[in-house]
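Please read the structure below before turning to the comments.
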Amino acid sequence: MAEYSYSYKIPVGPVHPGLKEPIHLSFEIEGEEVVNLDIKTGWVHRGIEYLGLQRNPIQVIYLAERICGICSVCHAFCFARAVESAAGIEVPLRAEYIRTIIAELERIHSHILWAGVAAHLMGFDSLFYYTWRVREEVMDVLEYLTGNRVNYGILAIGGVRRDITTDGAAKIRENLESYLGLFNRLVEAFVEDPSVRARTRDIGVLTREEAIETCAVGPTARASGVATDVRQDQPYCAYADLEVKAITPEAITGETRGDVFDKAVVRLFEIAQSIEIIEKCLEGLPEGKISAEDKLPRLLNQLKKASGEGISSIEAPRGEDYHYVRLEEGEANVTAWKVRAPTYANIPSWFPMMKGAQIADIPLIVASIDPCISCTDRVTVVDRKKGTTTVLTEEDLRRLCVEKTRRMLR
Amino acid sequence: MTTTELLWDALAKVALILAFISLNALFLIWAERKVSGFIQRRLGPVRVGRPHGFLQTIADVIKLLSKEDVVPGPADRLLFILAPVVFFLPAVLVYVVVPIGPRAVISDLNIGILYVIAVTSVGVLSIFMAGWGSNNKWALLGSMRAAAALIAYEVPVVLSVIGVIMLAGSLSLQDVIRAQDGLWFILLQPLGFMVYIIGSLAELSRIPFDLNEAESELVAGFNVEYSGLRWALFFLVEYSNIVVVSAVGTALFLGGWRGPFLPPVVWFLLKTYLLVFVIMWIRWTLPRLRIDQLTGLAWKFLIPVALVNIGITGLILL
């Protein structure tokens, strides 16, 4: 007798209202329960790393910011640190502090954005509008400090491009003040509300062992009780002076379950932690220069002469962001650049989280790692007729690009 | 009356109901946008028909009417096309017994309440037709959820109404309203009213019970393959059903057209639209439940509460 299967497959993505960016998840479902899943990425590959190799480090900063729209300063920050370590550039202390402040402000807006998305996926649109309206305030401060709401353009190799004035510091303080009040309301809405709790408790559980096994990073790992935080483990910039401690749900609610609720708790309390970090940074903001080298031609020459490899990892809102850069003497351009965005490390944790989940919980679990698909994409070409899979190399991409341009010119 | 006169009379009444359904949907969709905007600190529509976006819904209707009529290739054509019509029919029929004034009712059936419950249950059939006929997994999932929710919530709604019937001693909606002389049944039947509103919300499939069309989970649920006029029909009926639920709720619990000074029809509409507002208000203040939580709520909480309510009512009447 043939064996019958009671499962069926449903596609989530590449276009789905529960997803903010294109990724294809293929679920095997029995009834309303998830049995298995398959993930295909590659819908938004932009070849940014390759583009970066055609440019000098100062130009790459512009690209690095555009890897991700939400954690844009993190990639520029990470890249700049990698280049600085490759070229041996010493960054002034004030610039380090300003970088830290901007990165933490960004963490606040990123986590609030996540909270809003989670609320929307629960079908709670009023909370979604509330959180996003609240988020506007920190966006305003970022705009005041850097000139832009997203893609701030404040990072430079060897420092930052704009100083935080006394006015700016006052503005940040005022903003933090209002966030301390709002923070309690967010906790009320997400942690204490019974209907939100019903939708997030014991959903998408990632145990401590599974988190370690799948190499999860950032809030995803912390929510499972793994106290990992680059700011704590390898403190960089101003964090070295601040003694940041990784936030785990155990310290807040007294227990670690690794579910979506815990992930929300971790993110919310990281907002409070960021507020604290920024306050300390503003207090201890040292005087001095904000850039190691103001004159760009001179900096370019210095980078051209430099030779070496640089590795940098920082704590982005979604977890550990990692950049590798190689510079060669006599070569103006970056000769190697490798980005590993946090989502890439977090995607495997979907597998244990999805097992046994309900269809209704799929979008929430997908969102629980705060995925940033654009940061993650790799190109794989699948030929369905032949059934083969090939990965495109730089050469292929370049050839395709040239061919397309020629086609368009014709 | 001669046969011709009867026919004209019937046609006039049908036209009246259709006109009411259409105008009501135009108004309610605008109102819902404004209410949700107000609750979420937004403005809602402001552009078309300044300054309050009065013409927004009309613009939407024109857009929907001018859309291409798409029937997906693998769909079951007959079911797919019939489903919105079948959905529309009970929505029209149910208005027959809605009493908007002491004498203003199309037909005061002596089994009015039973009629309302029976006719509105047909709606789920068309949802299932739409889900099955679309030949789409998301649509089928949505309609399966709708069926589960309807089976679960039909029971508490009926049970909640039984208390009212016991007090009024009649199944006619007019008799129920007449029995509420002085004291509205919401005061005598607070539990019944609560169960009725929660159960009706689930039957309307609005948040927190909008599982069959949960957009962030099921893309759009049972109507995912529908577009243009057919989709508009689903929407029209949805808003018409909100009014039906509120109108029946008004008749059963809020004293119907009773009230001082103002004419009865005004009182009836005032109370009905107050209930409509409450239903909208609930939608924008709660997150969506999961299917297991939804059915659990019905079987484990609402039905026992409704049964206790009937028991207490019976004891008092004895």
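Residue names in the structure tokens use chain letters A, B, ... in the order shown, residue numbers from 1 in each chain, and ligand numbers from 1 in the order shown.
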
Problem set entry | Surrounding residues of stretch 189-201 of chain B excluding itself and chain neighbours under 5 positions, 7 Å, only C-alpha atoms, as a list of chain:residue names |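 Once the adjacent positions are removed, what remains is B:Tyr153, B:Pro156, B:Val157, B:Ser160, B:Val161, B:Gly163, B:Arg206, B:Phe209, B:Val245, B:Phe253, B:Leu302, B:Ala306, B:Asn309.
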
Exercise. Once you count only C-alpha atoms, which residues of chain A turn out to be within 9 Å of chain B? Could you give them as a PyMOL selection string?
Worked result: chain A and resi 9-10+16-19+32+119-130+133+195-196+198-199+358-364

Preceding selection exported with N, CA, C and O atoms as a short mmCIF file (atom, residue, chain, number, x, y, z; two decimals), in the first residue's frame:
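out_4.cif was written with the following content:
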```cif
data_model
loop_
_atom_site.label_atom_id
_atom_site.label_comp_id
_atom_site.auth_asym_id
_atom_site.auth_seq_id
_atom_site.Cartn_x
_atom_site.Cartn_y
_atom_site.Cartn_z
N LYS A 9 1.99 21.79 1.02
CA LYS A 9 3.00 22.86 1.07
C LYS A 9 2.35 24.21 0.84
O LYS A 9 1.49 24.36 -0.04
N ILE A 10 2.72 25.20 1.63
CA ILE A 10 2.28 26.56 1.32
C ILE A 10 3.50 27.46 1.19
O ILE A 10 4.47 27.32 1.94
N HIS A 16 4.61 38.56 0.29
CA HIS A 16 3.61 38.16 1.28
C HIS A 16 3.43 39.34 2.23
O HIS A 16 4.39 39.97 2.62
N PRO A 17 2.17 39.63 2.59
CA PRO A 17 1.97 40.81 3.44
C PRO A 17 2.64 40.71 4.80
O PRO A 17 2.88 41.71 5.44
N GLY A 18 2.95 39.48 5.23
CA GLY A 18 3.61 39.34 6.52
C GLY A 18 5.11 39.56 6.45
O GLY A 18 5.78 39.60 7.47
N LEU A 19 5.63 39.68 5.25
CA LEU A 19 7.08 39.88 5.09
C LEU A 19 7.34 41.29 4.62
O LEU A 19 6.64 41.81 3.77
N GLU A 32 -2.99 22.74 10.62
CA GLU A 32 -2.48 24.11 10.73
C GLU A 32 -1.08 24.12 11.34
O GLU A 32 -0.60 25.16 11.77
N ALA A 119 3.56 44.11 16.30
CA ALA A 119 2.17 44.44 16.62
C ALA A 119 1.29 44.29 15.38
O ALA A 119 0.19 43.74 15.44
N HIS A 120 1.79 44.75 14.25
CA HIS A 120 1.01 44.63 13.01
C HIS A 120 0.76 43.16 12.67
O HIS A 120 -0.33 42.79 12.25
N LEU A 121 1.79 42.33 12.87
CA LEU A 121 1.63 40.91 12.54
C LEU A 121 0.67 40.22 13.47
O LEU A 121 0.05 39.22 13.11
N MET A 122 0.52 40.74 14.68
CA MET A 122 -0.47 40.19 15.59
C MET A 122 -1.87 40.66 15.22
O MET A 122 -2.84 40.25 15.84
N GLY A 123 -1.97 41.55 14.26
CA GLY A 123 -3.27 42.11 13.90
C GLY A 123 -3.65 43.26 14.81
O GLY A 123 -4.82 43.58 14.95
N PHE A 124 -2.67 43.89 15.44
CA PHE A 124 -2.93 44.96 16.39
C PHE A 124 -2.42 46.26 15.78
O PHE A 124 -1.38 46.78 16.16
N ASP A 125 -3.19 46.79 14.82
CA ASP A 125 -2.69 47.91 14.06
C ASP A 125 -2.59 49.21 14.85
O ASP A 125 -1.75 50.05 14.57
N SER A 126 -3.43 49.35 15.86
CA SER A 126 -3.36 50.60 16.63
C SER A 126 -2.03 50.71 17.37
O SER A 126 -1.43 51.77 17.43
N LEU A 127 -1.57 49.58 17.89
CA LEU A 127 -0.28 49.58 18.59
C LEU A 127 0.85 49.83 17.58
O LEU A 127 1.81 50.52 17.88
N PHE A 128 0.67 49.29 16.40
CA PHE A 128 1.65 49.51 15.33
C PHE A 128 1.78 51.01 15.03
O PHE A 128 2.89 51.55 14.98
N TYR A 129 0.64 51.68 14.90
CA TYR A 129 0.71 53.12 14.61
C TYR A 129 1.30 53.88 15.78
O TYR A 129 2.06 54.83 15.61
N TYR A 130 0.96 53.44 16.99
CA TYR A 130 1.47 54.12 18.17
C TYR A 130 2.99 54.03 18.22
O TYR A 130 3.68 55.04 18.37
N ARG A 133 4.72 56.09 15.57
CA ARG A 133 4.67 57.53 15.81
C ARG A 133 5.72 57.90 16.85
O ARG A 133 6.42 58.90 16.72
N SER A 195 -3.66 40.17 26.09
CA SER A 195 -3.95 39.68 24.74
C SER A 195 -2.67 39.58 23.91
O SER A 195 -2.52 38.68 23.09
N VAL A 196 -1.73 40.52 24.11
CA VAL A 196 -0.45 40.42 23.40
C VAL A 196 0.33 39.22 23.93
O VAL A 196 0.92 38.45 23.17
N ALA A 198 -0.89 36.51 25.10
CA ALA A 198 -1.48 35.27 24.58
C ALA A 198 -0.96 34.93 23.20
O ALA A 198 -0.87 33.77 22.83
N ARG A 199 -0.61 35.98 22.44
CA ARG A 199 -0.12 35.73 21.09
C ARG A 199 1.37 35.45 21.03
O ARG A 199 1.88 34.96 20.02
N GLN A 358 2.00 27.06 14.62
CA GLN A 358 0.76 27.19 13.87
C GLN A 358 0.98 28.14 12.70
O GLN A 358 1.84 29.00 12.75
N ILE A 359 0.15 27.98 11.66
CA ILE A 359 0.26 28.89 10.51
C ILE A 359 0.15 30.33 10.97
O ILE A 359 0.88 31.20 10.52
N ALA A 360 -0.76 30.56 11.92
CA ALA A 360 -0.98 31.93 12.39
C ALA A 360 0.27 32.54 12.99
O ALA A 360 0.43 33.75 13.00
N ASP A 361 1.17 31.69 13.48
CA ASP A 361 2.36 32.22 14.14
C ASP A 361 3.54 32.41 13.20
O ASP A 361 4.55 32.98 13.59
N ILE A 362 3.41 31.92 11.96
CA ILE A 362 4.55 31.98 11.04
C ILE A 362 5.10 33.40 10.90
O ILE A 362 6.29 33.62 11.11
N PRO A 363 4.24 34.38 10.56
CA PRO A 363 4.82 35.72 10.36
C PRO A 363 5.49 36.26 11.61
O PRO A 363 6.54 36.90 11.52
N LEU A 364 4.90 35.95 12.75
CA LEU A 364 5.45 36.47 14.00
C LEU A 364 6.81 35.84 14.28
O LEU A 364 7.74 36.51 14.73
#
```

For this session: Quick one: pull the distance between atom CA of B:Ile29 and atom CA of B:Pro99, Å, one decimal.
Result: 23.8 Å

Problem set entry | Those of stretch 52-272 of chain A in DSSP alpha helix (DSSP H), formatted as a PyMOL selection string | chain A and resi 52+57-65+72-87+93-121+125-146+166-187+194-200+208-213+218-223+230-233+239-242+249-253+260-272

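With only C-alpha atoms taken into account, the protein and nucleic acid residues at most 7 Å from A:Ile23 (excluding it and anything under 6 positions from it in its own chain) are Gly13, Pro14, Lys40, Thr41, Trp43 and Ile373 of chain A.
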